[in-house]
$ cat coords.cif   # mmCIF, N, CA and C atoms
data_model
#
loop_
_atom_site.label_atom_id
_atom_site.label_comp_id
_atom_site.auth_asym_id
_atom_site.auth_seq_id
_atom_site.Cartn_x
_atom_site.Cartn_y
_atom_site.Cartn_z
N MET A 14 111.07 63.65 76.21
CA MET A 14 110.69 64.90 75.59
C MET A 14 109.62 65.58 76.45
N ASN A 15 109.84 66.83 76.75
CA ASN A 15 108.88 67.59 77.53
C ASN A 15 107.80 68.16 76.63
N ARG A 16 106.61 68.04 77.10
CA ARG A 16 105.49 68.63 76.36
C ARG A 16 104.84 69.71 77.21
N PHE A 17 104.57 70.80 76.58
CA PHE A 17 103.88 71.87 77.26
C PHE A 17 102.53 72.06 76.57
N LEU A 18 101.52 72.01 77.37
CA LEU A 18 100.17 72.19 76.83
C LEU A 18 99.62 73.49 77.40
N ILE A 19 99.35 74.38 76.53
CA ILE A 19 98.75 75.65 76.95
C ILE A 19 97.28 75.56 76.61
N SER A 20 96.49 75.64 77.63
CA SER A 20 95.05 75.52 77.44
C SER A 20 94.39 76.83 77.82
N SER A 21 93.55 77.30 76.97
CA SER A 21 92.80 78.51 77.24
C SER A 21 91.34 78.24 76.91
N ARG A 22 90.54 78.18 77.92
CA ARG A 22 89.12 77.93 77.70
C ARG A 22 88.49 79.18 77.13
N LYS A 23 87.83 79.01 76.04
CA LYS A 23 87.18 80.13 75.38
C LYS A 23 85.70 80.11 75.72
N LYS A 24 85.10 81.29 75.68
CA LYS A 24 83.69 81.44 76.00
C LYS A 24 83.02 82.31 74.95
N VAL A 25 81.78 81.95 74.64
CA VAL A 25 80.95 82.77 73.77
C VAL A 25 79.64 83.01 74.50
N PHE A 26 79.26 84.27 74.63
CA PHE A 26 77.97 84.63 75.18
C PHE A 26 77.11 85.09 74.01
N ILE A 27 75.95 84.46 73.87
CA ILE A 27 75.13 84.74 72.70
C ILE A 27 73.74 85.21 73.12
N ASN A 28 73.31 86.26 72.46
CA ASN A 28 71.99 86.85 72.68
C ASN A 28 71.54 87.36 71.32
N ILE A 29 70.84 86.52 70.58
CA ILE A 29 70.48 86.87 69.21
C ILE A 29 68.99 86.69 68.95
N GLY A 30 68.48 87.42 67.98
CA GLY A 30 67.12 87.21 67.50
C GLY A 30 66.06 88.11 68.08
N THR A 31 66.44 88.98 69.00
CA THR A 31 65.45 89.84 69.65
C THR A 31 64.67 90.68 68.64
N ASN A 32 65.37 91.29 67.71
CA ASN A 32 64.68 92.14 66.73
C ASN A 32 63.75 91.34 65.83
N ASP A 33 64.08 90.08 65.61
CA ASP A 33 63.20 89.23 64.79
C ASP A 33 61.81 89.12 65.40
N ILE A 34 61.73 89.12 66.73
CA ILE A 34 60.45 88.98 67.42
C ILE A 34 59.57 90.20 67.19
N SER A 35 60.16 91.33 66.87
CA SER A 35 59.40 92.56 66.62
C SER A 35 58.91 92.67 65.18
N ARG A 36 59.42 91.84 64.30
CA ARG A 36 59.06 91.95 62.87
C ARG A 36 57.67 91.38 62.60
N PRO A 37 56.95 91.96 61.66
CA PRO A 37 55.60 91.47 61.34
C PRO A 37 55.57 90.01 60.88
N GLU A 38 56.62 89.55 60.23
CA GLU A 38 56.65 88.17 59.71
C GLU A 38 57.21 87.17 60.72
N TYR A 39 57.33 87.57 61.98
CA TYR A 39 57.90 86.72 63.02
C TYR A 39 57.16 85.39 63.16
N LYS A 40 57.94 84.32 63.20
CA LYS A 40 57.44 82.97 63.50
C LYS A 40 58.42 82.36 64.49
N ARG A 41 57.94 81.95 65.62
CA ARG A 41 58.81 81.38 66.65
C ARG A 41 59.57 80.17 66.14
N GLU A 42 58.91 79.32 65.37
CA GLU A 42 59.56 78.11 64.87
C GLU A 42 60.78 78.45 64.02
N ARG A 43 60.65 79.45 63.18
CA ARG A 43 61.76 79.87 62.33
C ARG A 43 62.91 80.43 63.17
N LEU A 44 62.57 81.25 64.16
CA LEU A 44 63.58 81.82 65.04
C LEU A 44 64.37 80.71 65.72
N MET A 45 63.66 79.74 66.26
CA MET A 45 64.32 78.66 67.00
C MET A 45 65.17 77.80 66.06
N SER A 46 64.68 77.57 64.86
CA SER A 46 65.43 76.79 63.88
C SER A 46 66.75 77.49 63.53
N GLN A 47 66.68 78.78 63.28
CA GLN A 47 67.87 79.56 62.94
C GLN A 47 68.84 79.62 64.12
N TYR A 48 68.29 79.79 65.30
CA TYR A 48 69.10 79.85 66.52
C TYR A 48 69.86 78.54 66.70
N ARG A 49 69.17 77.42 66.55
CA ARG A 49 69.80 76.09 66.68
C ARG A 49 70.93 75.93 65.66
N LYS A 50 70.69 76.35 64.42
CA LYS A 50 71.72 76.24 63.38
C LYS A 50 72.97 77.04 63.78
N ILE A 51 72.76 78.22 64.29
CA ILE A 51 73.89 79.06 64.67
C ILE A 51 74.67 78.42 65.82
N LEU A 52 73.98 77.91 66.82
CA LEU A 52 74.67 77.26 67.94
C LEU A 52 75.44 76.03 67.47
N MET A 53 74.84 75.27 66.59
CA MET A 53 75.52 74.07 66.08
C MET A 53 76.74 74.43 65.24
N GLN A 54 76.66 75.54 64.50
CA GLN A 54 77.82 75.99 63.72
C GLN A 54 78.96 76.42 64.65
N ILE A 55 78.63 77.11 65.72
CA ILE A 55 79.65 77.52 66.68
C ILE A 55 80.31 76.28 67.28
N GLN A 56 79.48 75.31 67.67
CA GLN A 56 80.03 74.08 68.25
C GLN A 56 80.92 73.33 67.27
N ALA A 57 80.52 73.29 66.01
CA ALA A 57 81.31 72.58 65.00
C ALA A 57 82.64 73.28 64.72
N ARG A 58 82.61 74.59 64.68
CA ARG A 58 83.82 75.35 64.34
C ARG A 58 84.72 75.64 65.53
N LEU A 59 84.11 75.67 66.72
CA LEU A 59 84.87 76.00 67.94
C LEU A 59 84.54 74.97 69.02
N PRO A 60 84.95 73.72 68.82
CA PRO A 60 84.53 72.65 69.73
C PRO A 60 85.02 72.81 71.16
N GLU A 61 86.07 73.58 71.39
CA GLU A 61 86.60 73.77 72.75
C GLU A 61 85.98 74.98 73.45
N THR A 62 85.08 75.65 72.76
CA THR A 62 84.49 76.87 73.29
C THR A 62 83.22 76.56 74.05
N LYS A 63 83.11 77.16 75.24
CA LYS A 63 81.90 77.01 76.05
C LYS A 63 80.91 78.09 75.62
N ILE A 64 79.68 77.66 75.35
CA ILE A 64 78.66 78.59 74.85
C ILE A 64 77.67 78.88 75.97
N TYR A 65 77.45 80.16 76.20
CA TYR A 65 76.47 80.64 77.17
C TYR A 65 75.35 81.30 76.37
N VAL A 66 74.16 80.78 76.53
CA VAL A 66 73.00 81.28 75.80
C VAL A 66 72.20 82.16 76.76
N MET A 67 72.10 83.42 76.43
CA MET A 67 71.40 84.37 77.29
C MET A 67 69.92 84.43 76.94
N SER A 68 69.11 84.61 77.97
CA SER A 68 67.68 84.80 77.74
C SER A 68 67.45 86.14 77.06
N TYR A 69 66.26 86.27 76.50
CA TYR A 69 65.86 87.57 75.96
C TYR A 69 65.51 88.49 77.11
N TYR A 70 65.70 89.78 76.90
CA TYR A 70 65.36 90.77 77.91
C TYR A 70 63.86 91.04 77.88
N PRO A 71 63.28 91.41 79.02
CA PRO A 71 61.86 91.79 79.01
C PRO A 71 61.66 93.14 78.33
N VAL A 72 60.42 93.49 78.11
CA VAL A 72 60.07 94.79 77.54
C VAL A 72 59.10 95.49 78.49
N ASN A 73 58.84 96.75 78.20
CA ASN A 73 57.84 97.50 78.95
C ASN A 73 56.98 98.23 77.94
N ARG A 74 55.80 97.70 77.70
CA ARG A 74 54.86 98.29 76.74
C ARG A 74 53.92 99.27 77.41
N GLU A 75 54.14 99.55 78.70
CA GLU A 75 53.22 100.37 79.49
C GLU A 75 53.85 101.64 80.04
N LEU A 76 54.87 102.14 79.40
CA LEU A 76 55.51 103.36 79.89
C LEU A 76 54.53 104.53 79.82
N PRO A 77 54.58 105.41 80.81
CA PRO A 77 53.69 106.58 80.78
C PRO A 77 53.89 107.40 79.51
N GLY A 78 52.79 107.79 78.92
CA GLY A 78 52.84 108.63 77.72
C GLY A 78 53.03 107.88 76.42
N ALA A 79 53.18 106.57 76.49
CA ALA A 79 53.38 105.78 75.26
C ALA A 79 52.07 105.65 74.51
N ASP A 80 52.14 105.83 73.20
CA ASP A 80 50.98 105.67 72.33
C ASP A 80 50.77 104.18 72.06
N PRO A 81 49.65 103.61 72.49
CA PRO A 81 49.43 102.16 72.34
C PRO A 81 49.56 101.66 70.90
N GLU A 82 49.12 102.44 69.93
CA GLU A 82 49.22 102.02 68.53
C GLU A 82 50.67 102.02 68.06
N ALA A 83 51.42 103.02 68.47
CA ALA A 83 52.84 103.09 68.11
C ALA A 83 53.61 101.93 68.78
N VAL A 84 53.26 101.64 70.03
CA VAL A 84 53.90 100.53 70.74
C VAL A 84 53.61 99.22 70.01
N LYS A 85 52.37 99.03 69.64
CA LYS A 85 51.98 97.80 68.94
C LYS A 85 52.76 97.64 67.64
N ALA A 86 52.89 98.72 66.90
CA ALA A 86 53.62 98.69 65.62
C ALA A 86 55.11 98.46 65.84
N GLN A 87 55.67 99.10 66.84
CA GLN A 87 57.12 99.01 67.08
C GLN A 87 57.52 97.68 67.70
N PHE A 88 56.73 97.17 68.64
CA PHE A 88 57.09 95.98 69.38
C PHE A 88 56.65 94.69 68.69
N GLY A 89 55.63 94.74 67.88
CA GLY A 89 55.13 93.53 67.22
C GLY A 89 54.75 92.47 68.23
N ALA A 90 55.22 91.26 68.03
CA ALA A 90 54.90 90.13 68.92
C ALA A 90 55.74 90.15 70.18
N ARG A 91 56.57 91.13 70.34
CA ARG A 91 57.50 91.19 71.47
C ARG A 91 56.77 91.65 72.74
N THR A 92 56.11 90.68 73.34
CA THR A 92 55.45 90.88 74.62
C THR A 92 56.21 90.06 75.66
N ASN A 93 56.01 90.37 76.91
CA ASN A 93 56.69 89.59 77.95
C ASN A 93 56.18 88.16 77.97
N ALA A 94 54.91 87.95 77.64
CA ALA A 94 54.37 86.59 77.57
C ALA A 94 55.09 85.79 76.49
N GLU A 95 55.25 86.38 75.30
CA GLU A 95 55.95 85.70 74.21
C GLU A 95 57.41 85.49 74.57
N LEU A 96 58.04 86.48 75.16
CA LEU A 96 59.45 86.37 75.53
C LEU A 96 59.66 85.26 76.55
N LYS A 97 58.75 85.11 77.49
CA LYS A 97 58.86 84.02 78.47
C LYS A 97 58.78 82.66 77.78
N GLU A 98 57.86 82.53 76.84
CA GLU A 98 57.73 81.26 76.12
C GLU A 98 58.95 80.97 75.27
N VAL A 99 59.44 81.98 74.58
CA VAL A 99 60.65 81.80 73.76
C VAL A 99 61.84 81.48 74.66
N ASN A 100 61.95 82.17 75.78
CA ASN A 100 63.05 81.88 76.71
C ASN A 100 63.01 80.44 77.19
N ALA A 101 61.82 79.91 77.45
CA ALA A 101 61.70 78.51 77.87
C ALA A 101 62.21 77.58 76.77
N GLU A 102 61.89 77.90 75.52
CA GLU A 102 62.37 77.08 74.40
C GLU A 102 63.89 77.23 74.22
N VAL A 103 64.39 78.43 74.39
CA VAL A 103 65.83 78.66 74.28
C VAL A 103 66.56 77.89 75.39
N GLU A 104 66.02 77.91 76.59
CA GLU A 104 66.64 77.18 77.69
C GLU A 104 66.67 75.68 77.41
N LYS A 105 65.58 75.15 76.90
CA LYS A 105 65.51 73.73 76.57
C LYS A 105 66.52 73.38 75.47
N MET A 106 66.60 74.23 74.44
CA MET A 106 67.53 74.01 73.35
C MET A 106 68.97 74.06 73.86
N ALA A 107 69.27 75.02 74.71
CA ALA A 107 70.62 75.14 75.27
C ALA A 107 70.99 73.86 76.01
N GLU A 108 70.07 73.34 76.80
CA GLU A 108 70.32 72.10 77.53
C GLU A 108 70.56 70.93 76.57
N GLU A 109 69.73 70.83 75.54
CA GLU A 109 69.88 69.75 74.56
C GLU A 109 71.24 69.78 73.87
N LEU A 110 71.75 70.99 73.63
CA LEU A 110 73.00 71.15 72.90
C LEU A 110 74.22 71.25 73.81
N GLY A 111 74.01 71.15 75.10
CA GLY A 111 75.14 71.20 76.03
C GLY A 111 75.66 72.59 76.29
N CYS A 112 74.83 73.59 76.08
CA CYS A 112 75.20 74.98 76.35
C CYS A 112 74.68 75.39 77.73
N THR A 113 75.21 76.46 78.25
CA THR A 113 74.75 76.99 79.54
C THR A 113 73.76 78.11 79.29
N TYR A 114 72.59 78.00 79.87
CA TYR A 114 71.55 79.03 79.75
C TYR A 114 71.72 80.02 80.89
N VAL A 115 71.65 81.31 80.57
CA VAL A 115 71.78 82.36 81.57
C VAL A 115 70.50 83.21 81.54
N ASN A 116 69.76 83.16 82.64
CA ASN A 116 68.52 83.92 82.74
C ASN A 116 68.83 85.35 83.19
N VAL A 117 68.72 86.28 82.26
CA VAL A 117 68.87 87.70 82.60
C VAL A 117 67.53 88.42 82.52
N PHE A 118 66.48 87.68 82.21
CA PHE A 118 65.14 88.24 82.11
C PHE A 118 64.65 88.70 83.48
N ASP A 119 64.69 87.79 84.45
CA ASP A 119 64.09 88.04 85.75
C ASP A 119 64.72 89.19 86.52
N CYS A 120 66.01 89.40 86.36
CA CYS A 120 66.69 90.45 87.13
C CYS A 120 66.38 91.86 86.63
N LEU A 121 65.66 91.96 85.51
CA LEU A 121 65.34 93.27 84.93
C LEU A 121 63.89 93.68 85.14
N LEU A 122 63.12 92.84 85.83
CA LEU A 122 61.67 93.05 85.96
C LEU A 122 61.29 93.99 87.11
N ASP A 123 60.19 94.72 86.90
CA ASP A 123 59.59 95.49 87.98
C ASP A 123 58.51 94.64 88.65
N GLU A 124 57.78 95.23 89.58
CA GLU A 124 56.77 94.48 90.32
C GLU A 124 55.58 94.04 89.46
N LYS A 125 55.39 94.66 88.29
CA LYS A 125 54.31 94.27 87.38
C LYS A 125 54.76 93.23 86.34
N GLY A 126 56.03 92.88 86.36
CA GLY A 126 56.55 91.92 85.39
C GLY A 126 57.00 92.54 84.09
N ASN A 127 57.27 93.83 84.11
CA ASN A 127 57.76 94.55 82.94
C ASN A 127 59.23 94.95 83.15
N LEU A 128 59.91 95.26 82.05
CA LEU A 128 61.24 95.84 82.14
C LEU A 128 61.13 97.12 82.97
N LYS A 129 61.98 97.24 83.98
CA LYS A 129 61.92 98.42 84.85
C LYS A 129 62.06 99.69 84.01
N ALA A 130 61.19 100.64 84.29
CA ALA A 130 61.16 101.90 83.53
C ALA A 130 62.50 102.62 83.58
N GLU A 131 63.18 102.55 84.73
CA GLU A 131 64.46 103.28 84.86
C GLU A 131 65.58 102.65 84.04
N TYR A 132 65.36 101.45 83.51
CA TYR A 132 66.36 100.78 82.69
C TYR A 132 66.17 101.01 81.20
N THR A 133 65.05 101.59 80.80
CA THR A 133 64.74 101.59 79.38
C THR A 133 64.52 102.97 78.78
N ILE A 134 64.87 103.08 77.53
CA ILE A 134 64.71 104.31 76.77
C ILE A 134 63.26 104.47 76.34
N GLU A 135 62.73 103.42 75.65
CA GLU A 135 61.38 103.49 75.12
C GLU A 135 60.60 102.19 75.34
N GLY A 136 61.12 101.35 76.23
CA GLY A 136 60.43 100.11 76.55
C GLY A 136 61.12 98.87 76.01
N MET A 137 62.06 99.04 75.07
CA MET A 137 62.80 97.91 74.49
C MET A 137 64.30 98.02 74.74
N HIS A 138 64.86 99.12 74.33
CA HIS A 138 66.31 99.32 74.44
C HIS A 138 66.65 99.84 75.83
N MET A 139 67.81 99.41 76.33
CA MET A 139 68.17 99.75 77.70
C MET A 139 69.23 100.84 77.78
N TYR A 140 69.18 101.54 78.90
CA TYR A 140 70.24 102.46 79.29
C TYR A 140 71.39 101.65 79.89
N ALA A 141 72.48 102.31 80.17
CA ALA A 141 73.66 101.66 80.75
C ALA A 141 73.34 100.99 82.08
N ASN A 142 72.44 101.57 82.88
CA ASN A 142 72.14 100.98 84.19
C ASN A 142 71.46 99.61 84.04
N GLY A 143 70.69 99.41 82.98
CA GLY A 143 70.10 98.10 82.71
C GLY A 143 71.16 97.09 82.31
N TYR A 144 72.07 97.52 81.46
CA TYR A 144 73.16 96.63 81.05
C TYR A 144 74.11 96.33 82.21
N ALA A 145 74.21 97.25 83.17
CA ALA A 145 75.03 97.00 84.36
C ALA A 145 74.44 95.84 85.17
N VAL A 146 73.11 95.76 85.22
CA VAL A 146 72.45 94.65 85.92
C VAL A 146 72.73 93.34 85.19
N VAL A 147 72.67 93.38 83.85
CA VAL A 147 72.97 92.19 83.05
C VAL A 147 74.42 91.76 83.28
N LEU A 148 75.33 92.70 83.26
CA LEU A 148 76.74 92.38 83.49
C LEU A 148 76.95 91.74 84.87
N GLU A 149 76.28 92.26 85.87
CA GLU A 149 76.39 91.69 87.22
C GLU A 149 75.92 90.23 87.21
N LYS A 150 74.86 89.95 86.48
CA LYS A 150 74.35 88.58 86.38
C LYS A 150 75.33 87.69 85.62
N LEU A 151 76.06 88.25 84.65
CA LEU A 151 77.02 87.48 83.85
C LEU A 151 78.36 87.26 84.54
N MET A 152 78.68 88.07 85.52
CA MET A 152 80.02 88.02 86.13
C MET A 152 80.43 86.63 86.62
N PRO A 153 79.57 85.87 87.30
CA PRO A 153 80.02 84.54 87.73
C PRO A 153 80.42 83.65 86.55
N TYR A 154 79.76 83.80 85.43
CA TYR A 154 80.08 82.99 84.24
C TYR A 154 81.36 83.49 83.57
N LEU A 155 81.57 84.80 83.61
CA LEU A 155 82.79 85.37 83.04
C LEU A 155 84.02 84.97 83.85
N LEU A 156 83.84 84.82 85.15
CA LEU A 156 84.96 84.52 86.03
C LEU A 156 85.26 83.06 86.20
N GLU A 157 84.32 82.20 85.84
CA GLU A 157 84.57 80.77 86.04
C GLU A 157 85.64 80.27 85.10
N GLU A 158 86.38 79.31 85.60
CA GLU A 158 87.49 78.73 84.82
C GLU A 158 86.96 77.74 83.81
#

$ encode --input "coords.cif" --output "C-alpha cells"
Amino acid sequence: MNRFLISSRKKVFINIGTNDISRPEYKRERLMSQYRKILMQIQARLPETKIYVMSYYPVNRELPGADPEAVKAQFGARTNAELKEVNAEVEKMAEELGCTYVNVFDCLLDEKGNLKAEYTIEGMHMYANGYAVVLEKLMPYLLEE
C-alpha cells in the first residue's frame, strides 16, 4: 500500500502586549505570565506549528515638538529601557519554550537608541517604511523551510 504524506510546516509570528506596557496598571510579571500562557496554548493546540516570538519595537519619546507631559501620559512605562528588559525576558521565555526569538528592536534604532523619527507617527506607531524594515528582518524566517 502506498502512503502519501503531505507535510506543510506552519508558522506563527507573534508580537503581543505592547499596548499593555503603556497602561497605568502595567506590571511586567503579569504581562509575561499572560504571554507564556498564550504561547503554551498555541503549542498545545498547534503542536506542528513553529512559533516565532518577535521583540517589542522601540519608541521615541523625544520627537521635536512633543509635549513631555502628554508623552508621559500616552507612553506610560513604555520606555526603551523597559522595552529592552522586557525583550530580554521574552527572549529567555521563547528559548525555554522552544520558540524562535526575532529581534526587530535593534534594526529600528537611531544613533541615540530611539525609534528612528522617520519611521514613526508620534513616537510609538510606525509608518509603512518602519514596517518595511521589520519585514526585511522577518524575511529569512518567512522563507525558511

$ closest_residue --input "coords.cif" --among "A:Val99, A:Ile64, A:Ala94, A:Ala83" --to "Arg43 (chain A)" --atoms "only C-alpha atoms"
A:Val99

$ select_by_dssp --input "coords.cif" --residues "region 22-94 of chain A" --states "strand (DSSP E)" --output "list in words"
Lys23, Lys24, Val25, Phe26, Ile27, Thr62, Lys63, Ile64, Tyr65, Val66 and Met67 of chain A

$ closest_residue --input "coords.cif" --among "A:Val115, A:Leu122, A:Met139, A:Val72" --to "Leu151 (chain A)" --atoms "all atoms listed in the file"
A:Val115

$ closest_atom_pairs --input "coords.cif" --of "region 81-144 of chain A" --to "region 34-37 of chain A" --cutoff "5 Å" --atoms "all atoms listed in the file" --output "CSV"
residue,atom,partner,partner_atom,distance
A:Phe88,C,A:Ser35,CA,4.0
A:Gly89,CA,A:Ser35,C,4.4
A:Ala90,N,A:Ile34,C,4.6
A:Arg91,N,A:Ile34,C,4.4

$ write_last_selection --input "coords.cif" --atoms "N, CA and C atoms" --output "PDB file, in the frame of the given file"
ATOM      1  N   PHE A  88      56.730  97.170  68.640  1.00  0.00           N
ATOM      2  CA  PHE A  88      57.090  95.980  69.380  1.00  0.00           C
ATOM      3  C   PHE A  88      56.650  94.690  68.690  1.00  0.00           C
ATOM      4  N   GLY A  89      55.630  94.740  67.880  1.00  0.00           N
ATOM      5  CA  GLY A  89      55.130  93.530  67.220  1.00  0.00           C
ATOM      6  C   GLY A  89      54.750  92.470  68.230  1.00  0.00           C
ATOM      7  N   ALA A  90      55.220  91.260  68.030  1.00  0.00           N
ATOM      8  CA  ALA A  90      54.900  90.130  68.920  1.00  0.00           C
ATOM      9  C   ALA A  90      55.740  90.150  70.180  1.00  0.00           C
ATOM     10  N   ARG A  91      56.570  91.130  70.340  1.00  0.00           N
ATOM     11  CA  ARG A  91      57.500  91.190  71.470  1.00  0.00           C
ATOM     12  C   ARG A  91      56.770  91.650  72.740  1.00  0.00           C
TER      13      ARG A  91
END

$ atom_distance --input "coords.cif" --atom1 "CA of Gln54 (chain A)" --atom2 "atom C of Ser68 (chain A)"
19.7 Å

$ closest_residue --input "coords.cif" --among "A:Phe26, A:Tyr154, A:Tyr114, A:Tyr70" --to "Gly136 (chain A)" --atoms "only C-alpha atoms"
A:Tyr70

$ residues_near_point --input "coords.cif" --point "(70.4, 75.9, 73.0)" --cutoff "9 Å" --atoms "only C-alpha atoms" --output "list of chain:residue names"
A:Met45, A:Tyr48, A:Arg49, A:Leu52, A:Met53, A:Ile64, A:Tyr65, A:Val66, A:Glu102, A:Val103, A:Glu104, A:Lys105, A:Met106, A:Ala107, A:Glu108, A:Glu109, A:Leu110, A:Gly111, A:Cys112, A:Thr113, A:Tyr114

$ residues_around --input "coords.cif" --residues "Leu128 (chain A)" --least-positions-apart "2" --cutoff "6 Å" --atoms "all atoms listed in the file" --output "PyMOL selection string"
chain A and resi 71-73+121-123+126+130

$ atom_distance --input "coords.cif" --atom1 "atom N of His138 (chain A)" --atom2 "atom C of Met67 (chain A)"
15.8 Å

$ atom_distance --input "coords.cif" --atom1 "atom C of Leu156 (chain A)" --atom2 "CA of Val25 (chain A)"
13.2 Å

$ closest_residue --input "coords.cif" --among "A:Arg74, A:Asp33, A:Ala141, A:Ile27" --to "Ile51 (chain A)" --atoms "only C-alpha atoms"
A:Ile27

$ axis_aligned_box --input "coords.cif" --around "region 31-38 of chain A" --padding-each-side "8 Å" --output "JSON"
{"center_x": 61.0, "center_y": 89.9, "center_z": 64.7, "size_x": 26.9, "size_y": 21.5, "size_z": 25.9}

$ residues_around --input "coords.cif" --residues "Tyr132 (chain A)" --least-positions-apart "4" --cutoff "7 Å" --atoms "only C-alpha atoms" --output "PyMOL selection string"
chain A and resi 139-140+142-143

$ residues_around --input "coords.cif" --residues "Lys150 (chain A)" --least-positions-apart "6" --cutoff "9 Å" --atoms "only C-alpha atoms" --output "VMD selection string"
chain A and resid 115 to 117 120

$ select_by_dssp --input "coords.cif" --residues "region 101-132 of chain A" --states "helix (DSSP H, G or I)" --output "short mmCIF file (atom, residue, chain, number, x, y, z; two decimals) with N, CA and C atoms, in the frame of the given file"
data_model
loop_
_atom_site.label_atom_id
_atom_site.label_comp_id
_atom_site.auth_asym_id
_atom_site.auth_seq_id
_atom_site.Cartn_x
_atom_site.Cartn_y
_atom_site.Cartn_z
N ALA A 101 61.82 79.91 77.45
CA ALA A 101 61.70 78.51 77.87
C ALA A 101 62.21 77.58 76.77
N GLU A 102 61.89 77.90 75.52
CA GLU A 102 62.37 77.08 74.40
C GLU A 102 63.89 77.23 74.22
N VAL A 103 64.39 78.43 74.39
CA VAL A 103 65.83 78.66 74.28
C VAL A 103 66.56 77.89 75.39
N GLU A 104 66.02 77.91 76.59
CA GLU A 104 66.64 77.18 77.69
C GLU A 104 66.67 75.68 77.41
N LYS A 105 65.58 75.15 76.90
CA LYS A 105 65.51 73.73 76.57
C LYS A 105 66.52 73.38 75.47
N MET A 106 66.60 74.23 74.44
CA MET A 106 67.53 74.01 73.35
C MET A 106 68.97 74.06 73.86
N ALA A 107 69.27 75.02 74.71
CA ALA A 107 70.62 75.14 75.27
C ALA A 107 70.99 73.86 76.01
N GLU A 108 70.07 73.34 76.80
CA GLU A 108 70.32 72.10 77.53
C GLU A 108 70.56 70.93 76.57
N GLU A 109 69.73 70.83 75.54
CA GLU A 109 69.88 69.75 74.56
C GLU A 109 71.24 69.78 73.87
N LEU A 110 71.75 70.99 73.63
CA LEU A 110 73.00 71.15 72.90
C LEU A 110 74.22 71.25 73.81
N ASP A 119 64.69 87.79 84.45
CA ASP A 119 64.09 88.04 85.75
C ASP A 119 64.72 89.19 86.52
N CYS A 120 66.01 89.40 86.36
CA CYS A 120 66.69 90.45 87.13
C CYS A 120 66.38 91.86 86.63
N LEU A 121 65.66 91.96 85.51
CA LEU A 121 65.34 93.27 84.93
C LEU A 121 63.89 93.68 85.14
N ALA A 130 61.19 100.64 84.29
CA ALA A 130 61.16 101.90 83.53
C ALA A 130 62.50 102.62 83.58
N GLU A 131 63.18 102.55 84.73
CA GLU A 131 64.46 103.28 84.86
C GLU A 131 65.58 102.65 84.04
N TYR A 132 65.36 101.45 83.51
CA TYR A 132 66.36 100.78 82.69
C TYR A 132 66.17 101.01 81.20
#

$ residues_around --input "coords.cif" --residues "Tyr69 (chain A)" --least-positions-apart "3" --cutoff "7 Å" --atoms "all atoms listed in the file" --output "list in words"
Asn28, Thr31, Leu96, Val99, Asn100, Val117 and Phe118 of chain A
